[in-house]
Amino acid sequence: MVNATPIERNQLKQFTVNYFTLLGAAVTEQGDLLRVELLPDQLAELEGRAWPQSSYWLNQPEEGITVLYLAFDAANVSQHEQAELVAPGSHRLEQMLTSARKHGQLAILRLVPPGTPCSRHQPHHPYLLFVFRIALEGQRKTEQLCTICIDMLSGEPCPQLLQHIKQTPLVDKAVKNVLPRQISFQTSWQTACAEVLRQLERQDDGWARESLLALAQERRLVDLFYTEQAQKDAGRATEWQERVAEAERRVRPRALIRTVQCALVLTPESIASTLN
Amino acid sequence: MVLENDVDVVIPDKNLIPLRTFPITVPILTFQFDSLYQPPPEEEFTPEVPVTEHFGAAFSRSSVMEILERISQRRWAPLDWYLLAHQAEQLSLLTSRHESLLVLTNLQNRWKKAGVVAYPHQIAATEQVIKEMNGCAILADEVGLGKTIEACMIMKEYMLRGMVSRVLILTPAGLCWQWYGELKEKFGVLATIQRSEYDWERSRVIIASMDRAKRNPHREIIHSLTYDMVIIDEAHKLKNHKTMNWQFVNGIKRKYTLMLTATPVQNDLSELYTLITLLKPGQLGTYREFKRHFVLDKRLPRQSERLRCLLSQVMIRNRRATTSVEFTKRHVQSVPIQFSPEEDALYKCVTCYMQDSVRELGYAAQNVLALITLQREVCSTPLAAAVTLERLIGKYSEPKMRARLEQLHAMAISCSTCSKADRLIELVNRIGDKVLVFTEYRASQQYLRWRLEQHGLVTLGFDGSLSSSRKDWVRELFRRQGDVLVSTESGGEGLNFQFACHVINYDLPWNPMRLEQRIGRVHRLGQTRPVYVYNMATANTIEEHILYLLYEKINMFNLVIGDLELILAELGNADKLEARLYEIVAETAHDPERLRHALEHLAQEFAGAQAQVRAQKEKIDSWLTW
């Protein structure tokens, strides 16, 4: 069973509190557990189903409220008979992650530099921020996130903005004066993809080499077997190819990249001009 | 008068049977939503482009299309949700960083509720298949050690890691529902049981009978798809490479393969070779190399150590003796019943009618089946016999025959006692716990429920006509509020009733496998209490003979769990045994001594098959134990 490290547990707990607070649920600490009170619609949202729901599978929370007891350490699960573990891979965590992702995939953000007079009416420079999830699949699978920022006027990547975003408060209030973008969303995505590839190229690809070695071993067995078979029966050549393809599906190294979040970041022109 | 639930019965004006439809208690119960695993939607990727000389990359078109669509619809999220979603993305990376099994964490709560316990050998097998065998393995545990659970754990682990989404499960037709139930109840995976040819493409996790799938048009469709994982239950049916089964499986495009069998080899080492070659061609070399290196004689390996080493790279075999699996004790008790004079007269008349008819009509299978069924129904409840007699009267136009049937029918409906039902009520009250009662007949089921409810017991009915969700519902009702579940269905579609531990076989099925399945509803891995099985049989009737065969001669209630299946397979199959029983009863209808003798003979054959199975097991263990 997965038991998160203390740091991970804190992150998980923080996320859980944030999630349920945003959902509007009542969250309280009860010993080492988190007690969450959910109304039927909030429970439906967490469990990924429509609300109100059809009549047959009626939900029957006590007096309309469902109470969850969440533990972040396997050792604390025994504190309450209904306690559920929130840890990497746990069902509740997966539900929260799915729900959060669904609601926060796309946003318009405005950079508000502290101490700088900044009005909604001053010109704002549009940037598009893409968050990519990269799955490096081979003999093993690892994942990483990669954030790329594209200037919607120049069409160029703008990594400097990422630094600013980390240090500068963001708000999601609308802006009146946005400079007209010069490139399409699609073009900016393509530029971001090219940038992701460049970043991947710079990384150590030991994982890929290791997978290629494993693939070579699998192939050697298959080839040895089918060389003789194909001599006897030419019809088995297709089967040979398919068995090789099967081994490749399992261990051939590849990066599968998904775009998981996107934000239109509006930056005061006064700051944008300092970025490039 | 017509009963509820499709059973057309003329109900006599007697106080034995009520003059209204049988009341059925349906306690009010509502459900918590069971949130099941949602496989991610099918994705479309751009063509792969090289990144370095060692690997390439592809971008998901589907994911960006979703975002572009949101942009066009201006579905902007508030900042807080955006930041939370980003936090979610970061946290989900933890999943891929942890090497230990996610499935155990994921299912912890579900298993706690369902009373499922993962045994150490199952956890070890799951880890070994994923970490060392790269998702291609033969799971060859001895029967009863939970190979299905191991396969499901492996599948779910891959699903949680985002490495498996499309799964094909090939199984004998009779096990489809069992797989469905296990996946849904224990793993939260809602699979589809294949019914139409459209199911192949639209279902992400599909369960299908091997016999159906291997035939066109299904075969062609399956061969045109690519599966992330193929699971083959009863994989020993693939040990001959010339068979349609083998060739069909060999043609499936797949990534990971799990084969489940307790007997990867039976008589010939080449069977093992064929099976492993299907899984991983070349693992044992070419056939010529295999024979040269590893076969001394077809039943005797050479270089056993090296062979075992190669086998251990693709096969896992756990044995009962080396695992911590312990089934709770099974107590079996016969409950003898004495007919009342009325019932006895009815039974004798029906038997007499049966003997005369067999003499007159010969041993044609259909005739014999109907007549023996009638005889068995009298042993169950007079009402069940009345239903069949009513049907027979409608079928025959010949006046003499019709008159005789009408006479029997009149006897059945005027029978004012049912000693077996009386005894059942007594027994249920004595047990004072939840009880599963199995009967073979719908009419008896209705009648028993009515009788039990007359005594203040909350009963529920369970039968093959219920949809799977309805079955879930009935089971939950039974678990929470029911006293007695009266079922006509032994398989129970994979549902388990481990919260109960008393099984009453009100009627005995003649197919021993059905009997084992009935008991298996409560006596299985995860049962924590001893299980009590009560077999009701009426003295001096055919039931007594069957009980004698199953209980005393075959000793089937005390066989090692799972062995019965192997023994029956050795004998032909379970249906064949049942047909043999019908044949014996028909042929010896006039002579109880001959009947006893024939049953003894059958029992001897069973004992022979049992010895054969034991010998095979020892042989397999000597080859496959490492």
# chains A, B, ... in the order shown; residues from 1 in each chain; ligands from 1
$ closest_atom_pairs --of "stretch 63-178 of chain B" --to "stretch 250-272 of chain A" --cutoff "9 Å" --atoms "only C-alpha atoms" --output "tab-separated table"
residue	atom	partner	partner_atom	distance
B:Ser63	CA	A:Thr259	CA	5.6
B:Val64	CA	A:Thr259	CA	5.6
B:Ile67	CA	A:Cys262	CA	7.2
B:Trp76	CA	A:Ala263	CA	8.8
B:Tyr82	CA	A:Gln261	CA	8.3
B:Ala85	CA	A:Gln261	CA	8.2
B:His86	CA	A:Gln261	CA	7.6
B:Glu89	CA	A:Val260	CA	8.0
B:Asn134	CA	A:Arg250	CA	7.6
B:Gly135	CA	A:Arg250	CA	8.4
$ write_last_selection --atoms "N, CA and C atoms" --output "compact mmCIF listing (two decimals), in the first residue's frame"
# COMPACT_ATOMS: atom_id res chain seq x y z
N SER B 63 -6.87 16.28 -26.07
CA SER B 63 -6.81 17.17 -24.91
C SER B 63 -6.81 18.62 -25.34
N VAL B 64 -6.11 18.95 -26.42
CA VAL B 64 -6.07 20.36 -26.81
C VAL B 64 -7.39 20.77 -27.46
N ILE B 67 -9.68 21.93 -24.86
CA ILE B 67 -9.37 23.29 -24.38
C ILE B 67 -9.79 24.34 -25.40
N TRP B 76 -14.43 30.22 -18.98
CA TRP B 76 -13.26 30.50 -18.14
C TRP B 76 -13.56 30.14 -16.70
N TYR B 82 -8.67 27.43 -11.02
CA TYR B 82 -7.53 27.21 -11.92
C TYR B 82 -6.30 26.79 -11.11
N ALA B 85 -6.73 23.34 -9.76
CA ALA B 85 -6.53 22.34 -10.80
C ALA B 85 -5.03 22.13 -11.06
N HIS B 86 -4.29 23.23 -10.97
CA HIS B 86 -2.84 23.10 -11.16
C HIS B 86 -2.22 22.28 -10.03
N GLU B 89 -2.89 18.74 -10.73
CA GLU B 89 -1.97 18.17 -11.73
C GLU B 89 -0.63 17.80 -11.07
N ASN B 134 6.57 -7.66 -16.84
CA ASN B 134 6.11 -6.66 -17.78
C ASN B 134 4.69 -6.93 -18.32
N GLY B 135 3.84 -7.39 -17.45
CA GLY B 135 2.43 -7.53 -17.82
C GLY B 135 2.08 -8.73 -18.66
$ residues_around --residues "A:Asp223" --least-positions-apart "5" --cutoff "9 Å" --atoms "only C-alpha atoms" --output "list of chain:residue names"
A:Glu218, A:Glu228, A:Trp240, A:Val244, B:Gly282
$ closest_atom_pairs --of "chain A" --to "chain B" --cutoff "6 Å" --atoms "only C-alpha atoms" --output "CSV"
residue,atom,partner,partner_atom,distance
A:Met1,CA,B:Leu104,CA,5.3
A:Val2,CA,B:Ser100,CA,5.7
A:Trp57,CA,B:Phe31,CA,5.9
A:Leu58,CA,B:Thr30,CA,5.6
A:Asn59,CA,B:Gln32,CA,5.1
A:Gln60,CA,B:Thr30,CA,5.9
A:Pro88,CA,B:Thr95,CA,5.2
A:Gly89,CA,B:Leu102,CA,5.0
A:Ser90,CA,B:Asn106,CA,3.9
A:His91,CA,B:Asn106,CA,4.8
A:Leu97,CA,B:Ala88,CA,5.2
A:Ala100,CA,B:Ala85,CA,4.9
A:Arg101,CA,B:Ala85,CA,4.6
A:Gly104,CA,B:Tyr82,CA,3.9
A:Leu106,CA,B:Trp76,CA,5.4
A:Ala107,CA,B:Trp76,CA,4.6
A:Thr142,CA,B:Ser96,CA,5.5
A:Asp172,CA,B:Leu79,CA,5.5
A:Glu201,CA,B:Val51,CA,5.7
A:Ala208,CA,B:His54,CA,5.9
A:Leu221,CA,B:Gly282,CA,4.9
A:Val222,CA,B:Gly282,CA,5.4
A:Phe225,CA,B:Gly282,CA,4.8
A:Glu246,CA,B:Lys255,CA,5.4
A:Arg249,CA,B:Lys255,CA,5.7
A:Arg250,CA,B:Lys255,CA,5.7
A:Pro253,CA,B:Phe55,CA,5.5
A:Arg254,CA,B:Gly56,CA,5.1
A:Ala255,CA,B:Ala57,CA,4.4
A:Leu256,CA,B:Ala58,CA,5.2
A:Ile257,CA,B:Phe59,CA,4.7
A:Arg258,CA,B:Ser60,CA,5.0
A:Thr259,CA,B:Ser63,CA,5.6
$ closest_residue --among "B:Glu343, B:Glu489, B:Glu360, B:Asp422" --to "B:Leu408" --atoms "only C-alpha atoms"
B:Glu343
$ residues_around --residues "A:Leu23" --least-positions-apart "3" --cutoff "10 Å" --atoms "only C-alpha atoms" --output "PyMOL selection string"
(chain A and resi 17-20+26+38+41-43+45-46+99-100) or (chain B and resi 81)
$ residues_around --residues "B:Thr351" --least-positions-apart "6" --cutoff "9 Å" --atoms "only C-alpha atoms" --output "VMD selection string"
chain B and resid 371 to 372 374 to 375 589
$ write_last_selection --atoms "N, CA and C atoms" --output "mmCIF file, in the first residue's frame"
data_model
loop_
_atom_site.group_PDB
_atom_site.id
_atom_site.type_symbol
_atom_site.label_atom_id
_atom_site.label_comp_id
_atom_site.auth_asym_id
_atom_site.auth_seq_id
_atom_site.Cartn_x
_atom_site.Cartn_y
_atom_site.Cartn_z
ATOM 1 N N LEU B 371 -40.565 -36.069 -17.030
ATOM 2 C CA LEU B 371 -41.169 -36.939 -16.016
ATOM 3 C C LEU B 371 -40.361 -36.945 -14.723
ATOM 4 N N ILE B 372 -39.051 -37.000 -14.888
ATOM 5 C CA ILE B 372 -38.224 -36.993 -13.674
ATOM 6 C C ILE B 372 -38.356 -35.644 -12.966
ATOM 7 N N LEU B 374 -40.930 -33.841 -12.882
ATOM 8 C CA LEU B 374 -42.201 -33.879 -12.163
ATOM 9 C C LEU B 374 -42.044 -34.595 -10.817
ATOM 10 N N GLN B 375 -41.340 -35.701 -10.882
ATOM 11 C CA GLN B 375 -41.106 -36.473 -9.659
ATOM 12 C C GLN B 375 -40.326 -35.632 -8.630
ATOM 13 N N ALA B 589 -36.068 -47.105 -13.245
ATOM 14 C CA ALA B 589 -37.280 -46.589 -12.604
ATOM 15 C C ALA B 589 -38.040 -47.644 -11.801
#
